[in-house]
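A short worksheet on the structure shown next.
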Protein chains: 2
Amino acid sequence: VTSAEPVLVNGVPADAVSSLDRGLHFGDGLFETIACVQGVPRFLSLHLQRLASGCQRLQIEAPDLVATRAEVQSFAGPPGAASGRCIVKVLMTRGVATVRGYAASGREKATRITIRYPWPPEDPRHVQDGVTARTLAMRLGENTLLAGLKHCNRLEQVLARSQMSGESEGLLFSSSGKLVSGTMSNVFLVHGSLVRTPRLDCCGVAGVMRRVVMQEAAAMGVPVEERELRQVDLATADEVFLTNARIGIWPVSRLDDRALAVGPVTRRLQQALSPLLEIPAHA
Amino acid sequence: VTSAEPVLVNGVPADAVSSLDRGLHFGDGLFETIACVQGVPRFLSLHLQRLASGCQRLQIEAPDLVATRAEVQSFAGPPGAASGRCIVKVLMTRGVATVRGYAASGREKATRITIRYPWPPEDPRHVQDGVTARTLAMRLGENTLLAGLKHCNRLEQVLARSQMSGESEGLLFSSSGKLVSGTMSNVFLVHGSLVRTPRLDCCGVAGVMRRVVMQEAAAMGVPVEERELRQVDLATADEVFLTNARIGIWPVSRLDDRALAVGPVTRRLQQALSPLLEIPAHA
């Protein structure tokens, strides 16, 4: 990441935002991280829908979805193999402060920041053979009003990443002992033929890929149950897998000191998802 | 607040920061709000000490305390009545991202943003007669690694302020039912001759004025006990007061539907604090 990354601020090429922006002062904003393949921003409508819904929940000015869609598309490039792959991040803050202090005035004009990043190097074995994951000691705070949102208060994730040492992902529980997610992914557990994922009513991010996987699973006749999950559920899972917008599904092949099989349910879901990741018809 | 507020970014007049700053993306930073009176930044050494300690805890590059002190002093104006009053905010972020994603690389150079704001209008009755406060429904998330820090993940405070309607302050409990603080102040309870304030080991901000009041109370022979406090403790308190760096001590004269006396312990502490607020010798 350098300042050479293409950046639009409210639609205009710019590499800076106001030093009075509430995003900077309070993390008072939301973001989307959109994987773009061959000029197609994957699941763009789902990303925009979540962004709009998040703004509504936080009472941030509603995003201009037409302009946002056009910006993401312009960064993704024209559809076709030549456009390759990139990551486009859209960050919406409440905007420049109109008064000092935490309270919003309600008169703020939201700031939209769109950034293109290169697609990071990937190890194909992560999808094929699975990844190592570790249960992290840090517990996530619980706040129902923030639960599910992809907001910009991410110090917990920053600290969680600093607790990792070589694993591909760290798993997090909440302060009251509920399984929540990975540091940058959602988590699914398979018990026999049952697929479960944590209910995100007290913390966590409701990921776009989490939703897509739940839809695909339901379409396959394997509905995913959203429920409270605890350490015992993780410890007894036959299969564990992780999802996010870029990676799709990563099977977990080692969790702490335990080897896990990359099992049939995970494989079937990967197969169902695969065409959506490579030939993104759902955009 | 307009872009006409004086702002320094890393010591240079500037009204903008990089759109790749981790403060903007993740609230990955800390801040101090320093009340300046007659050219003297009150309790500046305590503020700088907390800033340095916070950076150490979050593994943000250590602040240049000499430069920071000089900036705050320059914004406060030369000592003397003509300088009047202002608020100086120092915001330290981890800096511009060197890699994409939550993980810090450890190579970031911290961004220091110093801003002067006018002293806000004040109602002298708040100090003399007390304020109204309300217990807010929102519960604060608990995270021991963030507890006590004045970090930039402040969406909870933004939401809490939006739940207020005319009261001077809102009181907050944590997800497990512990009394924590006001939205922008620390809280103290008086039971008979005992003075108590919430232990801030799972959430909350360890305010500079909280510390000063604890020191003054100890010097008066009224040591303040830091402990776990719950709804019953708040409900049975004889006196309740609030502290922050600008307001000093606000007695609470109405809490939800209950009238409270502005009692003798609060008055004695206000008297002890008064010279430090008006003739800031402790700077």
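Letters A, B, ... mark the chains of the structure tokens in the order given; residue numbers begin at 1 per chain; ligand numbers begin at 1, in order shown.
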May I have the residues of chain A within 6 Å of chain B, counting only C-alpha atoms, written as a compact mmCIF listing (two decimals) with C-alpha atoms, in the first residue's frame?
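Saved the output as out-v3.txt:
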```
# COMPACT_ATOMS: atom_id res chain seq x y z
CA VAL A 1 0.00 0.00 0.00
CA ASP A 15 -5.21 11.14 -1.56
CA ALA A 16 -6.39 12.86 1.60
CA VAL A 17 -9.44 13.53 3.76
CA SER A 18 -10.21 16.34 6.19
CA SER A 19 -8.40 16.11 9.51
CA GLY A 23 -14.08 8.64 10.58
CA LEU A 24 -10.60 9.63 11.68
CA HIS A 25 -11.61 10.83 15.15
CA PHE A 26 -14.05 8.11 16.18
CA GLY A 27 -13.97 5.35 13.56
CA ASP A 28 -17.45 6.71 12.81
CA THR A 98 -19.89 20.07 12.36
CA VAL A 99 -19.56 20.23 16.16
CA TYR A 102 -19.04 12.50 20.14
CA ALA A 103 -22.58 13.63 19.37
CA GLY A 141 -16.78 -6.91 23.40
CA GLU A 142 -20.54 -7.38 23.01
CA ASN A 143 -22.78 -4.56 21.84
CA CYS A 152 -14.68 1.17 11.33
CA ASN A 153 -14.13 0.47 15.05
CA ARG A 154 -11.61 -2.29 14.35
CA LEU A 155 -9.04 -2.03 17.12
CA VAL A 158 -5.97 -5.10 14.93
CA ARG A 161 -4.07 -10.06 14.38
```
Superimposed copy of chain A on chain B by least squares over C-alpha atoms, as an mmCIF file with C-alpha atoms, in the first residue's frame:
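As written to disk, superposed27.cif reads:
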```
data_model
loop_
_atom_site.group_PDB
_atom_site.id
_atom_site.type_symbol
_atom_site.label_atom_id
_atom_site.label_comp_id
_atom_site.auth_asym_id
_atom_site.auth_seq_id
_atom_site.Cartn_x
_atom_site.Cartn_y
_atom_site.Cartn_z
ATOM 1 C CA VAL A 1 -16.054 23.257 13.856
ATOM 2 C CA THR A 2 -14.955 24.331 10.442
ATOM 3 C CA SER A 3 -11.816 23.699 8.452
ATOM 4 C CA ALA A 4 -10.776 27.094 9.791
ATOM 5 C CA GLU A 5 -9.803 25.405 13.092
ATOM 6 C CA PRO A 6 -6.011 25.532 13.349
ATOM 7 C CA VAL A 7 -4.613 22.063 12.635
ATOM 8 C CA LEU A 8 -1.096 20.639 12.606
ATOM 9 C CA VAL A 9 -0.396 17.259 11.031
ATOM 10 C CA ASN A 10 2.991 15.963 12.164
ATOM 11 C CA GLY A 11 3.883 19.506 13.110
ATOM 12 C CA VAL A 12 2.982 21.103 9.800
ATOM 13 C CA PRO A 13 -0.131 23.231 9.210
ATOM 14 C CA ALA A 14 -2.422 21.000 7.163
ATOM 15 C CA ASP A 15 -6.127 20.381 7.017
ATOM 16 C CA ALA A 16 -5.986 16.824 5.722
ATOM 17 C CA VAL A 17 -4.515 13.385 6.384
ATOM 18 C CA SER A 18 -3.797 10.491 4.038
ATOM 19 C CA SER A 19 -6.849 8.537 2.937
ATOM 20 C CA LEU A 20 -4.802 5.406 3.741
ATOM 21 C CA ASP A 21 -4.282 6.366 7.403
ATOM 22 C CA ARG A 22 -5.175 3.531 9.757
ATOM 23 C CA GLY A 23 -6.873 6.016 12.047
ATOM 24 C CA LEU A 24 -9.458 6.593 9.336
ATOM 25 C CA HIS A 25 -9.855 2.931 8.371
ATOM 26 C CA PHE A 26 -9.910 1.282 11.794
ATOM 27 C CA GLY A 27 -10.007 4.002 14.452
ATOM 28 C CA ASP A 28 -6.473 2.755 15.089
ATOM 29 C CA GLY A 29 -5.302 5.569 17.330
ATOM 30 C CA LEU A 30 -5.581 7.445 20.600
ATOM 31 C CA PHE A 31 -6.414 10.983 21.611
ATOM 32 C CA GLU A 32 -6.171 13.551 24.367
ATOM 33 C CA THR A 33 -8.485 16.492 24.914
ATOM 34 C CA ILE A 34 -6.640 19.194 26.824
ATOM 35 C CA ALA A 35 -8.345 22.143 28.457
ATOM 36 C CA CYS A 36 -6.168 25.254 28.142
ATOM 37 C CA VAL A 37 -6.741 28.228 30.435
ATOM 38 C CA GLN A 38 -4.855 31.515 30.207
ATOM 39 C CA GLY A 39 -2.206 29.955 28.042
ATOM 40 C CA VAL A 40 -1.672 26.968 30.341
ATOM 41 C CA PRO A 41 -2.628 23.492 29.092
ATOM 42 C CA ARG A 42 -4.096 21.968 32.254
ATOM 43 C CA PHE A 43 -2.541 18.705 33.477
ATOM 44 C CA LEU A 44 -0.468 18.518 30.304
ATOM 45 C CA SER A 45 2.067 16.127 31.803
ATOM 46 C CA LEU A 46 -0.700 13.716 32.807
ATOM 47 C CA HIS A 47 -2.185 13.902 29.318
ATOM 48 C CA LEU A 48 1.186 13.231 27.679
ATOM 49 C CA GLN A 49 1.909 10.397 30.086
ATOM 50 C CA ARG A 50 -1.420 8.735 29.250
ATOM 51 C CA LEU A 51 -0.818 9.220 25.522
ATOM 52 C CA ALA A 52 2.598 7.586 25.737
ATOM 53 C CA SER A 53 1.247 4.752 27.851
ATOM 54 C CA GLY A 54 -1.606 4.161 25.416
ATOM 55 C CA CYS A 55 0.749 4.064 22.442
ATOM 56 C CA GLN A 56 2.831 1.491 24.272
ATOM 57 C CA ARG A 57 -0.205 -0.686 25.001
ATOM 58 C CA LEU A 58 -1.371 -0.571 21.382
ATOM 59 C CA GLN A 59 2.187 -0.828 20.037
ATOM 60 C CA ILE A 60 1.832 2.462 18.215
ATOM 61 C CA GLU A 61 5.083 4.335 17.637
ATOM 62 C CA ALA A 62 5.993 6.293 20.779
ATOM 63 C CA PRO A 63 4.966 9.950 20.565
ATOM 64 C CA ASP A 64 7.548 12.726 20.383
ATOM 65 C CA LEU A 65 6.575 14.277 23.706
ATOM 66 C CA VAL A 66 8.780 17.337 23.301
ATOM 67 C CA ALA A 67 7.200 18.212 19.973
ATOM 68 C CA THR A 68 3.704 17.362 21.207
ATOM 69 C CA ARG A 69 4.126 19.523 24.302
ATOM 70 C CA ALA A 70 5.392 22.424 22.193
ATOM 71 C CA GLU A 71 2.455 22.144 19.783
ATOM 72 C CA VAL A 72 -0.126 22.099 22.541
ATOM 73 C CA GLN A 73 1.562 25.036 24.220
ATOM 74 C CA SER A 74 1.697 27.025 20.987
ATOM 75 C CA PHE A 75 -2.051 26.486 20.481
ATOM 76 C CA ALA A 76 -2.784 27.356 24.110
ATOM 77 C CA GLY A 77 -1.096 30.728 23.589
ATOM 78 C CA PRO A 78 1.376 32.557 25.828
ATOM 79 C CA PRO A 79 0.626 32.286 29.556
ATOM 80 C CA GLY A 80 -1.603 35.118 30.675
ATOM 81 C CA ALA A 81 -5.221 36.131 30.810
ATOM 82 C CA ALA A 82 -5.199 37.413 27.229
ATOM 83 C CA SER A 83 -4.881 33.868 25.920
ATOM 84 C CA GLY A 84 -8.301 33.008 27.279
ATOM 85 C CA ARG A 85 -9.544 29.448 27.051
ATOM 86 C CA CYS A 86 -9.419 26.828 24.349
ATOM 87 C CA ILE A 87 -9.497 23.074 23.865
ATOM 88 C CA VAL A 88 -6.533 21.376 22.201
ATOM 89 C CA LYS A 89 -7.017 17.853 20.893
ATOM 90 C CA VAL A 90 -4.037 15.643 20.113
ATOM 91 C CA LEU A 91 -4.868 12.614 17.996
ATOM 92 C CA MET A 92 -2.171 9.990 17.401
ATOM 93 C CA THR A 93 -2.883 7.289 14.866
ATOM 94 C CA ARG A 94 -0.751 4.283 14.021
ATOM 95 C CA GLY A 95 -0.114 6.060 10.731
ATOM 96 C CA VAL A 96 -0.523 5.389 7.042
ATOM 97 C CA ALA A 97 -1.029 1.707 6.264
ATOM 98 C CA THR A 98 1.983 -0.075 4.835
ATOM 99 C CA VAL A 99 -0.042 -3.217 4.070
ATOM 100 C CA ARG A 100 -3.752 -3.795 3.445
ATOM 101 C CA GLY A 101 -5.848 -5.337 6.200
ATOM 102 C CA TYR A 102 -6.117 -5.219 9.977
ATOM 103 C CA ALA A 103 -2.634 -6.434 10.842
ATOM 104 C CA ALA A 104 -0.077 -3.734 11.546
ATOM 105 C CA SER A 105 3.290 -4.237 9.897
ATOM 106 C CA GLY A 106 5.169 -2.612 12.760
ATOM 107 C CA ARG A 107 6.770 -0.268 10.221
ATOM 108 C CA GLU A 108 4.094 2.428 10.382
ATOM 109 C CA LYS A 109 5.102 5.967 11.290
ATOM 110 C CA ALA A 110 2.517 7.425 13.662
ATOM 111 C CA THR A 111 0.446 10.398 12.522
ATOM 112 C CA ARG A 112 0.072 13.231 15.055
ATOM 113 C CA ILE A 113 -2.827 15.618 14.540
ATOM 114 C CA THR A 114 -3.146 18.643 16.826
ATOM 115 C CA ILE A 115 -6.282 20.760 16.642
ATOM 116 C CA ARG A 116 -7.393 23.879 18.512
ATOM 117 C CA TYR A 117 -11.100 24.276 19.208
ATOM 118 C CA PRO A 118 -12.903 27.151 20.905
ATOM 119 C CA TRP A 119 -13.929 26.544 24.506
ATOM 120 C CA PRO A 120 -17.612 25.624 24.298
ATOM 121 C CA PRO A 121 -20.338 27.732 25.910
ATOM 122 C CA GLU A 122 -20.847 26.671 29.527
ATOM 123 C CA ASP A 123 -23.663 26.982 31.982
ATOM 124 C CA PRO A 124 -22.164 27.864 35.397
ATOM 125 C CA ARG A 125 -25.160 26.225 37.079
ATOM 126 C CA HIS A 126 -23.819 22.825 36.014
ATOM 127 C CA VAL A 127 -20.956 23.153 38.479
ATOM 128 C CA GLN A 128 -22.953 25.019 41.135
ATOM 129 C CA ASP A 129 -26.344 23.338 41.130
ATOM 130 C CA GLY A 130 -25.587 20.081 39.357
ATOM 131 C CA VAL A 131 -26.769 18.438 36.165
ATOM 132 C CA THR A 132 -29.411 15.971 35.083
ATOM 133 C CA ALA A 133 -28.188 12.540 34.039
ATOM 134 C CA ARG A 134 -29.956 9.511 32.650
ATOM 135 C CA THR A 135 -29.096 5.839 32.620
ATOM 136 C CA LEU A 136 -28.841 4.819 28.970
ATOM 137 C CA ALA A 137 -30.152 1.528 27.615
ATOM 138 C CA MET A 138 -27.076 0.764 25.507
ATOM 139 C CA ARG A 139 -24.499 -1.509 27.142
ATOM 140 C CA LEU A 140 -20.770 -1.053 26.501
ATOM 141 C CA GLY A 141 -18.747 -3.972 25.183
ATOM 142 C CA GLU A 142 -16.063 -5.382 27.487
ATOM 143 C CA ASN A 143 -12.501 -5.881 26.307
ATOM 144 C CA THR A 144 -9.694 -5.917 28.829
ATOM 145 C CA LEU A 145 -7.091 -5.040 26.195
ATOM 146 C CA LEU A 146 -8.846 -1.772 25.361
ATOM 147 C CA ALA A 147 -10.059 -0.910 28.872
ATOM 148 C CA GLY A 148 -8.881 2.431 30.191
ATOM 149 C CA LEU A 149 -7.518 3.654 26.865
ATOM 150 C CA LYS A 150 -8.721 6.855 25.257
ATOM 151 C CA HIS A 151 -8.669 5.179 21.857
ATOM 152 C CA CYS A 152 -10.423 6.217 18.680
ATOM 153 C CA ASN A 153 -12.997 3.385 18.555
ATOM 154 C CA ARG A 154 -15.806 5.624 19.778
ATOM 155 C CA LEU A 155 -18.903 4.440 17.949
ATOM 156 C CA GLU A 156 -20.367 3.364 21.293
ATOM 157 C CA GLN A 157 -20.077 6.921 22.580
ATOM 158 C CA VAL A 158 -21.540 8.282 19.347
ATOM 159 C CA LEU A 159 -24.535 5.954 19.706
ATOM 160 C CA ALA A 160 -24.854 6.700 23.420
ATOM 161 C CA ARG A 161 -25.043 10.428 22.752
ATOM 162 C CA SER A 162 -27.796 9.777 20.212
ATOM 163 C CA GLN A 163 -29.842 8.092 22.977
ATOM 164 C CA MET A 164 -29.814 11.237 25.110
ATOM 165 C CA SER A 165 -32.576 13.819 24.994
ATOM 166 C CA GLY A 166 -31.779 16.994 26.854
ATOM 167 C CA GLU A 167 -29.898 15.519 29.827
ATOM 168 C CA SER A 168 -26.378 16.830 30.445
ATOM 169 C CA GLU A 169 -24.936 13.323 30.588
ATOM 170 C CA GLY A 170 -25.878 9.688 30.090
ATOM 171 C CA LEU A 171 -24.600 6.914 32.349
ATOM 172 C CA LEU A 172 -23.480 3.628 30.866
ATOM 173 C CA PHE A 173 -23.261 0.067 32.121
ATOM 174 C CA SER A 174 -21.262 -2.698 30.475
ATOM 175 C CA SER A 175 -22.658 -5.825 28.823
ATOM 176 C CA SER A 176 -22.291 -7.738 32.099
ATOM 177 C CA GLY A 177 -23.987 -5.050 34.152
ATOM 178 C CA LYS A 178 -21.073 -3.103 35.560
ATOM 179 C CA LEU A 179 -21.321 0.667 35.924
ATOM 180 C CA VAL A 180 -18.653 2.204 33.680
ATOM 181 C CA SER A 181 -18.914 5.949 33.083
ATOM 182 C CA GLY A 182 -20.789 8.730 31.414
ATOM 183 C CA THR A 183 -20.616 9.178 27.641
ATOM 184 C CA MET A 184 -17.860 11.788 28.020
ATOM 185 C CA SER A 185 -17.088 11.701 31.736
ATOM 186 C CA ASN A 186 -16.077 9.437 34.585
ATOM 187 C CA VAL A 187 -18.510 8.812 37.416
ATOM 188 C CA PHE A 188 -18.010 8.772 41.182
ATOM 189 C CA LEU A 189 -20.478 7.570 43.820
ATOM 190 C CA VAL A 190 -20.558 8.655 47.451
ATOM 191 C CA HIS A 191 -22.019 6.314 50.073
ATOM 192 C CA GLY A 192 -21.821 8.020 53.460
ATOM 193 C CA SER A 193 -18.184 9.020 53.750
ATOM 194 C CA LEU A 194 -17.020 6.443 51.165
ATOM 195 C CA VAL A 195 -16.136 7.583 47.663
ATOM 196 C CA ARG A 196 -16.109 4.988 44.899
ATOM 197 C CA THR A 197 -15.498 4.968 41.182
ATOM 198 C CA PRO A 198 -15.747 2.064 38.727
ATOM 199 C CA ARG A 199 -12.643 -0.028 38.263
ATOM 200 C CA LEU A 200 -11.837 0.322 34.562
ATOM 201 C CA ASP A 201 -10.472 -3.164 33.873
ATOM 202 C CA CYS A 202 -13.007 -4.249 31.281
ATOM 203 C CA CYS A 203 -14.051 -1.014 29.619
ATOM 204 C CA GLY A 204 -14.160 2.753 29.998
ATOM 205 C CA VAL A 205 -11.624 5.537 29.725
ATOM 206 C CA ALA A 206 -9.239 6.308 32.599
ATOM 207 C CA GLY A 207 -9.768 10.065 32.521
ATOM 208 C CA VAL A 208 -7.098 12.541 33.514
ATOM 209 C CA MET A 209 -9.568 14.428 35.721
ATOM 210 C CA ARG A 210 -10.603 11.129 37.318
ATOM 211 C CA ARG A 211 -6.998 10.657 38.328
ATOM 212 C CA VAL A 212 -6.602 14.233 39.565
ATOM 213 C CA VAL A 213 -9.772 13.951 41.662
ATOM 214 C CA MET A 214 -8.560 10.662 43.144
ATOM 215 C CA GLN A 215 -5.246 12.309 44.061
ATOM 216 C CA GLU A 216 -6.955 15.320 45.598
ATOM 217 C CA ALA A 217 -9.376 13.138 47.510
ATOM 218 C CA ALA A 218 -6.536 11.045 48.923
ATOM 219 C CA ALA A 219 -4.719 14.232 49.942
ATOM 220 C CA MET A 220 -7.874 15.285 51.813
ATOM 221 C CA GLY A 221 -8.007 11.982 53.645
ATOM 222 C CA VAL A 222 -10.913 10.668 51.547
ATOM 223 C CA PRO A 223 -9.358 7.880 49.498
ATOM 224 C CA VAL A 224 -11.393 6.811 46.478
ATOM 225 C CA GLU A 225 -12.005 3.108 46.133
ATOM 226 C CA GLU A 226 -11.829 1.712 42.595
ATOM 227 C CA ARG A 227 -14.152 -1.262 42.480
ATOM 228 C CA GLU A 228 -16.858 -3.069 40.593
ATOM 229 C CA LEU A 229 -20.079 -1.078 40.890
ATOM 230 C CA ARG A 230 -23.537 -2.110 39.758
ATOM 231 C CA GLN A 231 -27.024 -0.704 39.410
ATOM 232 C CA VAL A 232 -27.727 -1.168 43.128
ATOM 233 C CA ASP A 233 -24.679 0.917 44.006
ATOM 234 C CA LEU A 234 -25.820 3.722 41.747
ATOM 235 C CA ALA A 235 -29.363 3.524 43.108
ATOM 236 C CA THR A 236 -28.200 3.784 46.730
ATOM 237 C CA ALA A 237 -25.578 6.518 46.296
ATOM 238 C CA ASP A 238 -26.002 9.600 48.478
ATOM 239 C CA GLU A 239 -24.054 11.721 46.026
ATOM 240 C CA VAL A 240 -23.090 11.189 42.403
ATOM 241 C CA PHE A 241 -20.660 13.326 40.470
ATOM 242 C CA LEU A 242 -19.043 13.374 37.042
ATOM 243 C CA THR A 243 -15.563 14.430 35.981
ATOM 244 C CA ASN A 244 -13.765 15.281 32.786
ATOM 245 C CA ALA A 245 -10.786 17.358 31.754
ATOM 246 C CA ARG A 246 -12.815 20.396 30.796
ATOM 247 C CA ILE A 247 -15.708 20.398 33.252
ATOM 248 C CA GLY A 248 -13.827 19.440 36.400
ATOM 249 C CA ILE A 249 -16.603 18.120 38.664
ATOM 250 C CA TRP A 250 -20.287 18.211 37.825
ATOM 251 C CA PRO A 251 -22.554 17.157 40.674
ATOM 252 C CA VAL A 252 -25.553 15.113 39.532
ATOM 253 C CA SER A 253 -28.713 16.680 40.936
ATOM 254 C CA ARG A 254 -31.163 14.468 39.070
ATOM 255 C CA LEU A 255 -30.581 10.876 37.981
ATOM 256 C CA ASP A 256 -33.429 9.396 35.969
ATOM 257 C CA ASP A 257 -36.484 10.105 38.135
ATOM 258 C CA ARG A 258 -34.565 10.651 41.347
ATOM 259 C CA ALA A 259 -33.540 14.016 42.816
ATOM 260 C CA LEU A 260 -30.096 13.964 44.418
ATOM 261 C CA ALA A 261 -28.631 16.401 46.902
ATOM 262 C CA VAL A 262 -25.390 18.087 45.925
ATOM 263 C CA GLY A 263 -23.718 16.826 49.062
ATOM 264 C CA PRO A 264 -20.772 17.724 51.253
ATOM 265 C CA VAL A 265 -18.240 15.291 49.787
ATOM 266 C CA THR A 266 -18.810 16.575 46.269
ATOM 267 C CA ARG A 267 -18.564 20.167 47.517
ATOM 268 C CA ARG A 268 -15.303 19.555 49.346
ATOM 269 C CA LEU A 269 -13.765 17.934 46.276
ATOM 270 C CA GLN A 270 -14.950 20.794 44.073
ATOM 271 C CA GLN A 271 -13.316 23.265 46.445
ATOM 272 C CA ALA A 272 -10.065 21.318 46.465
ATOM 273 C CA LEU A 273 -10.078 21.097 42.684
ATOM 274 C CA SER A 274 -11.040 24.671 41.993
ATOM 275 C CA PRO A 275 -7.587 26.285 42.202
ATOM 276 C CA LEU A 276 -6.156 23.601 39.911
ATOM 277 C CA LEU A 277 -8.764 24.428 37.289
ATOM 278 C CA GLU A 278 -8.465 28.197 37.421
ATOM 279 C CA ILE A 279 -4.774 28.666 38.247
ATOM 280 C CA PRO A 280 -3.325 25.567 36.667
ATOM 281 C CA ALA A 281 -0.173 25.023 38.681
ATOM 282 C CA HIS A 282 0.006 21.301 37.859
ATOM 283 C CA ALA A 283 0.670 21.742 34.154
#
```
* To do: Check segment 109-226 of chain B with DSSP on the backbone and list each residue it calls strand (DSSP E), as number ranges by chain.
  => B: 111-118, 131-140, 169-174, 179-182, 186-191, 194-198, 224-226
